Amino acid sequence: MFEPVMMKFLGIGIGETLYMTLLSTFLAYVIGLPLGIVMVVTDKSGIRPRLLLNKVLDVIINILRSVPFLILMIVLIPFTRAIAGTTIGPKAAVVSLVVAAAPFIARLVESSIKEVDYGVIEAAQSMGASPLDIVYKVLLPEAKPSLIVGSAIAVTTILSYSAMAGIIGGGGLGAIAINYGYYRYEVGIMLVTVALLVVIVQIFQETGMRLAKKFDKRF
Amino acid sequence: MEKKQTIIELTQLGKVFHTKDGSVSALENIDLQIYEGEIFGIIGMSGAGKSTLVRCINFLEKPTSGEVIFDGQKLSQLTEKELRAVRRSMGMIFQQFNLLMQRTAFQNICFPLEIAGMEKSAAKERAEELLEIVGLSDKRNVYPSQLSGGQKQRVAIARALATKPKVLLCDEATSALDPSTTQSILALIKDINRRLGITIIVITHEMSVIEEICQRVAIIDDSKIAEIGTVEEIFTRPKSAAGRKFFFPGGAKTRELTGDRCIRVVFDGGNAYEPVIANMILECKVPVNILFGDIKNIDDKSFGHLVLQIPDDERTKGRIVAYLQEKNLTVEEVIENV
Ligand SMILES: Nc1ncnc2c1ncn2[C@@H]1O[C@H](COP(=O)(O)OP(=O)(O)O)[C@@H](O)[C@H]1O
Ligand SMILES: [Mg+2]
């Protein structure tokens with residue numbers, strides 16, 4: 001079972017999984033972080049209430065969040081082809097992963113930022129802080145530990161989605177697990193890929209928690 | 001005060017909050033003038049509208065009617081940007097301190113300087129100077145979570161003073177602190193007022209805070225100003241029902257005891273060492289019953305009042321009143337009790 005070819009195969013799988021996960025997480029944050037901030041700022045108790053915009057974004061986020069990932073991938077096939085030029089392989093999987101993860105991340109960011117005590121925001125306003133000052137100098141720095149915990153949750157969730165992407169040709173460890181474990185009944189290989197996934201999740205999770213603790217000055 | 005220059009003026013200020021369950025009128029017809037360099041107190045029960053009032057002064061809350069005039073400018077006519085500039089000349093401190101938890105004491109003090117766009121080295125110098133003023137130079141690099149309540153409020157004061165404001169607004173700044181810490185924070189506020197000449201507005205529900213540091217006080221009751229005056233004036237002769245409730249908190253008790261004749265004897269600065277009441281009893285040969293008393297000894301002078309129950313006949317009353325008035329005390333009959 002562990003002949004060199006297989007090892008090389010697993011190595012490629014790990015590489016693809018990390019590529020999909022990290023690139024998708026990064027791109028999903030590029031969209032989700034500002035989206036989450038906008039959700040908090042435009043909320044009716046936010047520093048710049050914009051109720052209509054807030055409601056529209058809220059509905060879009062909810063819709064995207066409620067479509068099961070597998071279905072979303074299929075629905076997105078034409079979109080994926082337009083963006084990535086292909087519908088199979090890790091690069092194609094990144095497109096659906098970003099679409100699925102961005103609204104999820106927006107919610108994580110929203111809830112982290114909402115933890116910031118309103119009194120602190122008010123104090124900043126009393127010192128003449130602009131909304132931009134408040135976002136950059138109050139909301140994000142004060143929510144930093146919580147945002148880091150959120151990013152550990154995000155990256156591990158995206159990792160498990162990426163394994164699912166393997167089912168429709170996404171590559172990575174998920175694809176190996178499906179191809180060997182499901183189609184060929186090679187249970188050993190499947191268990192190895194599962195173990196690898198667990199280890200990767202653990203590493204991300206642990207790193208996130210430690211970083212959050214290191215940065216948190218509240219205790 | 002020699003020359004009373006108005007720094008803040010509120011005219012017919014009103015604030016209505018619209019909520020799901022209808023509208024709440026938090027402030028009504030507030031007229032107020034704050035003079036430059038004074039320590040002005042605003043006292044009222046919980047829910048009276050104190051926080052709303054102070055937040056209207058720096059326009060964190062937009063009044064729904066009336067005007068706030070600060071240093072000659074009507075705040076309602078300013079743009080957002082101009083308003084932010086004005087806020088830099090009005091510092092504010094809070095009951096819950098509201099420090100940035102992820103910044104050290106020093107970095108907290110730098111915060112308003114950063115947003116004011118001050119150059120880094122100048123900001124650093126200013127922040128060190130402020131740490132010195134509030135006596136926390138040794139806590140420079142400590143995070144708020146490692147500071148006591150009193151120390152947190154000192155950092156908050158330093159932060160509020162960073163941009164050299166003309167006014168410092170204090171919303172229940174000592175209400176979360178124990179008595180001795182309260183004393184030290186009040187002393188600091190007094191010192192800042194004296195040394196830096198900053199006008200200070202103190203919001204509180206505690207009489208002792210007003211007594212300790214304020215020169216003038218407004219009583220706010222049920223969204224309205226009940227009365228305004230110097231602290232001595234209001235301490236000794238509150239005119240409004242709300243004022244009496246605050247300054248003669250035993251008032252409610254005397255209600256049950258009326259029927260017989262009662263008088264209120266007001267002490268407003270007489271000699272604390274003269275046993276006036278005892279002498280009066282000996283001189284007039286009448287028994288009196290002290291129903292309620294609240295006398296404070298300030299600089300060897302008595303301030304406060306006593307409510308006495310006296311025999312129910314005109315002549316005796318006349319003698320008592322005449323005796324007390326001769327001793328320069330104010331006597332009033334307690335008819336309708338508060
Ligand atoms: N944002 C708000 N929305 C609705 N009602 C409010 C709001 N802020 C204050 N109020 C109401 O206004 C009144 C005065 O509140 P506040 O100024 O906080 O009183 P105080 O500081 O004297 O305790 C209260 O009845 C309170 O419920
Ligand atoms: Mg209040």
# chains A, B, ... in the order shown; residues from 1 in each chain; ligands from 1
call {"tool": "interface_residues", "arguments": {"of": "chain B", "to": "chain A", "cutoff": "10 Å", "atoms": "only C-alpha atoms", "output": "ChimeraX atom specification"}}
result
/B:55,58-60,80-104,111-116,142-146,156,159-163,165,169
call {"tool": "residues_near_ligand", "arguments": {"ligand": "ligand 1", "cutoff": "10 Å", "atoms": "only C-alpha atoms and all ligand atoms", "output": "PyMOL selection string"}}
result
(chain A and resi 45) or (chain B and resi 15-27+42-56+61+171-172+203-205+220-223)
call {"tool": "atom_distance", "arguments": {"atom1": "CA of Ile176 in chain A", "atom2": "CA of Thr193 in chain A"}}
result
7.3 Å
call {"tool": "residues_around", "arguments": {"residues": "Val109 in chain A", "least_positions_apart": "2", "cutoff": "8 Å", "atoms": "only C-alpha atoms", "output": "list in words"}}
result
Gly32, Leu33, Gly36, Ile37, Ile105, Ala106, Arg107, Ser111, Ser112, Ile113, Leu147 and Gly150 of chain A
call {"tool": "select_by_dssp", "arguments": {"residues": "chain A", "states": "helix (DSSP H, G or I)", "output": "MDAnalysis selection string"}}
result
chainID A and resid 4:41 51:66 69:75 77:84 90:114 118:126 131:168 172:183 187:215
call {"tool": "residues_around", "arguments": {"residues": "Thr86 in chain A", "least_positions_apart": "5", "cutoff": "12 Å", "atoms": "only C-alpha atoms", "output": "MDAnalysis selection string"}}
result
chainID A and resid 76:81 91:95 169:170
call {"tool": "atom_distance", "arguments": {"atom1": "CA of Asn62 in chain A", "atom2": "CA of Ala101 in chain A"}}
result
12.1 Å
call {"tool": "closest_residue", "arguments": {"among": "A:Tyr185, A:Phe26, A:Phe204, A:Tyr19", "to": "Val98 in chain A", "atoms": "only C-alpha atoms"}}
result
A:Phe26
call {"tool": "atom_distance", "arguments": {"atom1": "CA of Val192 in chain A", "atom2": "CA of Met209 in chain A"}}
result
25.7 Å
call {"tool": "residues_around", "arguments": {"residues": "Ser151 in chain A", "least_positions_apart": "3", "cutoff": "9 Å", "atoms": "only C-alpha atoms", "output": "list in words"}}
result
Thr25, Tyr29, Ile105, Leu108, Val109, Ser146, Leu147, Ile148, Ala154, Val155, Thr156 and Gly208 of chain A
call {"tool": "write_last_selection", "arguments": {"atoms": "N, CA, C and O atoms", "output": "short mmCIF file (atom, residue, chain, number, x, y, z; two decimals), in the first residue's frame"}}
result
data_model
loop_
_atom_site.label_atom_id
_atom_site.label_comp_id
_atom_site.auth_asym_id
_atom_site.auth_seq_id
_atom_site.Cartn_x
_atom_site.Cartn_y
_atom_site.Cartn_z
N THR A 25 -9.01 30.47 1.35
CA THR A 25 -9.21 31.24 2.58
C THR A 25 -8.78 32.68 2.34
O THR A 25 -9.50 33.62 2.69
N TYR A 29 -11.32 35.82 2.39
CA TYR A 29 -11.16 36.94 3.32
C TYR A 29 -11.13 38.27 2.60
O TYR A 29 -11.61 39.28 3.11
N ILE A 105 -17.38 33.71 6.10
CA ILE A 105 -16.37 34.55 6.75
C ILE A 105 -16.96 35.91 7.12
O ILE A 105 -16.68 36.44 8.19
N LEU A 108 -18.58 35.44 10.34
CA LEU A 108 -17.60 35.29 11.43
C LEU A 108 -17.03 36.66 11.82
O LEU A 108 -16.94 37.01 13.00
N VAL A 109 -16.67 37.43 10.79
CA VAL A 109 -16.09 38.76 11.03
C VAL A 109 -17.11 39.65 11.73
O VAL A 109 -16.80 40.33 12.71
N SER A 146 -10.36 37.71 18.51
CA SER A 146 -11.55 37.00 18.06
C SER A 146 -11.51 36.75 16.55
O SER A 146 -11.95 35.69 16.07
N LEU A 147 -10.97 37.70 15.81
CA LEU A 147 -10.84 37.51 14.35
C LEU A 147 -9.88 36.37 14.04
O LEU A 147 -10.10 35.61 13.09
N ILE A 148 -8.84 36.23 14.85
CA ILE A 148 -7.89 35.14 14.61
C ILE A 148 -8.54 33.79 14.91
O ILE A 148 -8.40 32.84 14.13
N ALA A 154 -12.50 29.33 10.04
CA ALA A 154 -12.71 29.47 8.60
C ALA A 154 -11.80 28.51 7.83
O ALA A 154 -12.26 27.77 6.95
N VAL A 155 -10.53 28.48 8.18
CA VAL A 155 -9.59 27.67 7.41
C VAL A 155 -9.90 26.18 7.55
O VAL A 155 -9.83 25.42 6.58
N THR A 156 -10.33 25.76 8.73
CA THR A 156 -10.64 24.34 8.89
C THR A 156 -11.94 23.98 8.18
O THR A 156 -12.07 22.89 7.62
N GLY A 208 -4.05 28.78 15.29
CA GLY A 208 -4.99 29.90 15.44
C GLY A 208 -5.22 30.25 16.89
O GLY A 208 -5.13 31.41 17.30
#
call {"tool": "closest_residue", "arguments": {"among": "B:Gln215, B:Val202, B:Ile277, B:Gln183", "to": "ligand 2", "atoms": "only C-alpha atoms and all ligand atoms"}}
result
B:Val202
call {"tool": "decode", "arguments": {"residues": "range 229-249 of chain B", "atoms": "N, CA, C and O atoms", "output": "PDB file, in the first residue's frame"}}
result
ATOM      1  N   GLY B 229     -28.131  76.527  40.429  1.00  0.00           N
ATOM      2  CA  GLY B 229     -27.632  77.526  41.372  1.00  0.00           C
ATOM      3  C   GLY B 229     -26.252  77.157  41.863  1.00  0.00           C
ATOM      4  O   GLY B 229     -25.680  76.149  41.440  1.00  0.00           O
ATOM      5  N   THR B 230     -25.725  77.987  42.762  1.00  0.00           N
ATOM      6  CA  THR B 230     -24.442  77.622  43.353  1.00  0.00           C
ATOM      7  C   THR B 230     -24.691  76.453  44.298  1.00  0.00           C
ATOM      8  O   THR B 230     -25.817  76.252  44.766  1.00  0.00           O
ATOM      9  N   VAL B 231     -23.632  75.718  44.580  1.00  0.00           N
ATOM     10  CA  VAL B 231     -23.796  74.543  45.425  1.00  0.00           C
ATOM     11  C   VAL B 231     -24.312  74.954  46.812  1.00  0.00           C
ATOM     12  O   VAL B 231     -25.223  74.328  47.344  1.00  0.00           O
ATOM     13  N   GLU B 232     -23.777  76.060  47.374  1.00  0.00           N
ATOM     14  CA  GLU B 232     -24.248  76.505  48.696  1.00  0.00           C
ATOM     15  C   GLU B 232     -25.745  76.805  48.662  1.00  0.00           C
ATOM     16  O   GLU B 232     -26.491  76.360  49.525  1.00  0.00           O
ATOM     17  N   GLU B 233     -26.120  77.563  47.650  1.00  0.00           N
ATOM     18  CA  GLU B 233     -27.524  77.953  47.507  1.00  0.00           C
ATOM     19  C   GLU B 233     -28.447  76.732  47.526  1.00  0.00           C
ATOM     20  O   GLU B 233     -29.405  76.663  48.289  1.00  0.00           O
ATOM     21  N   ILE B 234     -28.103  75.791  46.682  1.00  0.00           N
ATOM     22  CA  ILE B 234     -28.989  74.651  46.527  1.00  0.00           C
ATOM     23  C   ILE B 234     -28.883  73.695  47.706  1.00  0.00           C
ATOM     24  O   ILE B 234     -29.841  73.041  48.091  1.00  0.00           O
ATOM     25  N   PHE B 235     -27.708  73.669  48.327  1.00  0.00           N
ATOM     26  CA  PHE B 235     -27.557  72.828  49.507  1.00  0.00           C
ATOM     27  C   PHE B 235     -28.419  73.329  50.650  1.00  0.00           C
ATOM     28  O   PHE B 235     -28.978  72.557  51.403  1.00  0.00           O
ATOM     29  N   THR B 236     -28.475  74.631  50.773  1.00  0.00           N
ATOM     30  CA  THR B 236     -29.169  75.168  51.939  1.00  0.00           C
ATOM     31  C   THR B 236     -30.621  75.481  51.650  1.00  0.00           C
ATOM     32  O   THR B 236     -31.471  75.315  52.505  1.00  0.00           O
ATOM     33  N   ARG B 237     -30.913  75.958  50.446  1.00  0.00           N
ATOM     34  CA  ARG B 237     -32.303  76.329  50.160  1.00  0.00           C
ATOM     35  C   ARG B 237     -32.782  75.813  48.826  1.00  0.00           C
ATOM     36  O   ARG B 237     -33.010  76.571  47.893  1.00  0.00           O
ATOM     37  N   PRO B 238     -32.914  74.510  48.691  1.00  0.00           N
ATOM     38  CA  PRO B 238     -33.437  74.004  47.415  1.00  0.00           C
ATOM     39  C   PRO B 238     -34.864  74.486  47.231  1.00  0.00           C
ATOM     40  O   PRO B 238     -35.660  74.432  48.166  1.00  0.00           O
ATOM     41  N   LYS B 239     -35.158  74.993  46.041  1.00  0.00           N
ATOM     42  CA  LYS B 239     -36.502  75.535  45.815  1.00  0.00           C
ATOM     43  C   LYS B 239     -37.430  74.483  45.221  1.00  0.00           C
ATOM     44  O   LYS B 239     -38.622  74.496  45.437  1.00  0.00           O
ATOM     45  N   SER B 240     -36.843  73.567  44.448  1.00  0.00           N
ATOM     46  CA  SER B 240     -37.694  72.607  43.754  1.00  0.00           C
ATOM     47  C   SER B 240     -37.915  71.358  44.591  1.00  0.00           C
ATOM     48  O   SER B 240     -37.137  71.046  45.495  1.00  0.00           O
ATOM     49  N   ALA B 241     -38.970  70.669  44.280  1.00  0.00           N
ATOM     50  CA  ALA B 241     -39.253  69.410  44.962  1.00  0.00           C
ATOM     51  C   ALA B 241     -38.123  68.424  44.732  1.00  0.00           C
ATOM     52  O   ALA B 241     -37.690  67.712  45.644  1.00  0.00           O
ATOM     53  N   ALA B 242     -37.610  68.409  43.487  1.00  0.00           N
ATOM     54  CA  ALA B 242     -36.526  67.478  43.158  1.00  0.00           C
ATOM     55  C   ALA B 242     -35.299  67.809  44.001  1.00  0.00           C
ATOM     56  O   ALA B 242     -34.609  66.917  44.501  1.00  0.00           O
ATOM     57  N   GLY B 243     -35.045  69.109  44.161  1.00  0.00           N
ATOM     58  CA  GLY B 243     -33.895  69.536  44.941  1.00  0.00           C
ATOM     59  C   GLY B 243     -34.007  69.097  46.381  1.00  0.00           C
ATOM     60  O   GLY B 243     -33.062  68.600  46.971  1.00  0.00           O
ATOM     61  N   ARG B 244     -35.207  69.258  46.921  1.00  0.00           N
ATOM     62  CA  ARG B 244     -35.399  68.857  48.322  1.00  0.00           C
ATOM     63  C   ARG B 244     -35.238  67.348  48.491  1.00  0.00           C
ATOM     64  O   ARG B 244     -34.693  66.880  49.479  1.00  0.00           O
ATOM     65  N   LYS B 245     -35.693  66.636  47.483  1.00  0.00           N
ATOM     66  CA  LYS B 245     -35.580  65.183  47.542  1.00  0.00           C
ATOM     67  C   LYS B 245     -34.103  64.800  47.630  1.00  0.00           C
ATOM     68  O   LYS B 245     -33.724  63.896  48.365  1.00  0.00           O
ATOM     69  N   PHE B 246     -33.264  65.551  46.879  1.00  0.00           N
ATOM     70  CA  PHE B 246     -31.839  65.232  46.890  1.00  0.00           C
ATOM     71  C   PHE B 246     -31.157  65.684  48.150  1.00  0.00           C
ATOM     72  O   PHE B 246     -30.399  64.958  48.764  1.00  0.00           O
ATOM     73  N   PHE B 247     -31.445  66.950  48.530  1.00  0.00           N
ATOM     74  CA  PHE B 247     -30.638  67.530  49.584  1.00  0.00           C
ATOM     75  C   PHE B 247     -31.221  67.285  50.964  1.00  0.00           C
ATOM     76  O   PHE B 247     -30.506  67.330  51.952  1.00  0.00           O
ATOM     77  N   PHE B 248     -32.495  67.038  51.041  1.00  0.00           N
ATOM     78  CA  PHE B 248     -33.103  66.684  52.324  1.00  0.00           C
ATOM     79  C   PHE B 248     -33.736  65.305  52.172  1.00  0.00           C
ATOM     80  O   PHE B 248     -34.956  65.175  52.194  1.00  0.00           O
ATOM     81  N   PRO B 249     -32.919  64.297  52.017  1.00  0.00           N
ATOM     82  CA  PRO B 249     -33.479  62.988  51.674  1.00  0.00           C
ATOM     83  C   PRO B 249     -34.407  62.441  52.742  1.00  0.00           C
ATOM     84  O   PRO B 249     -35.159  61.527  52.501  1.00  0.00           O
TER      85      PRO B 249
END
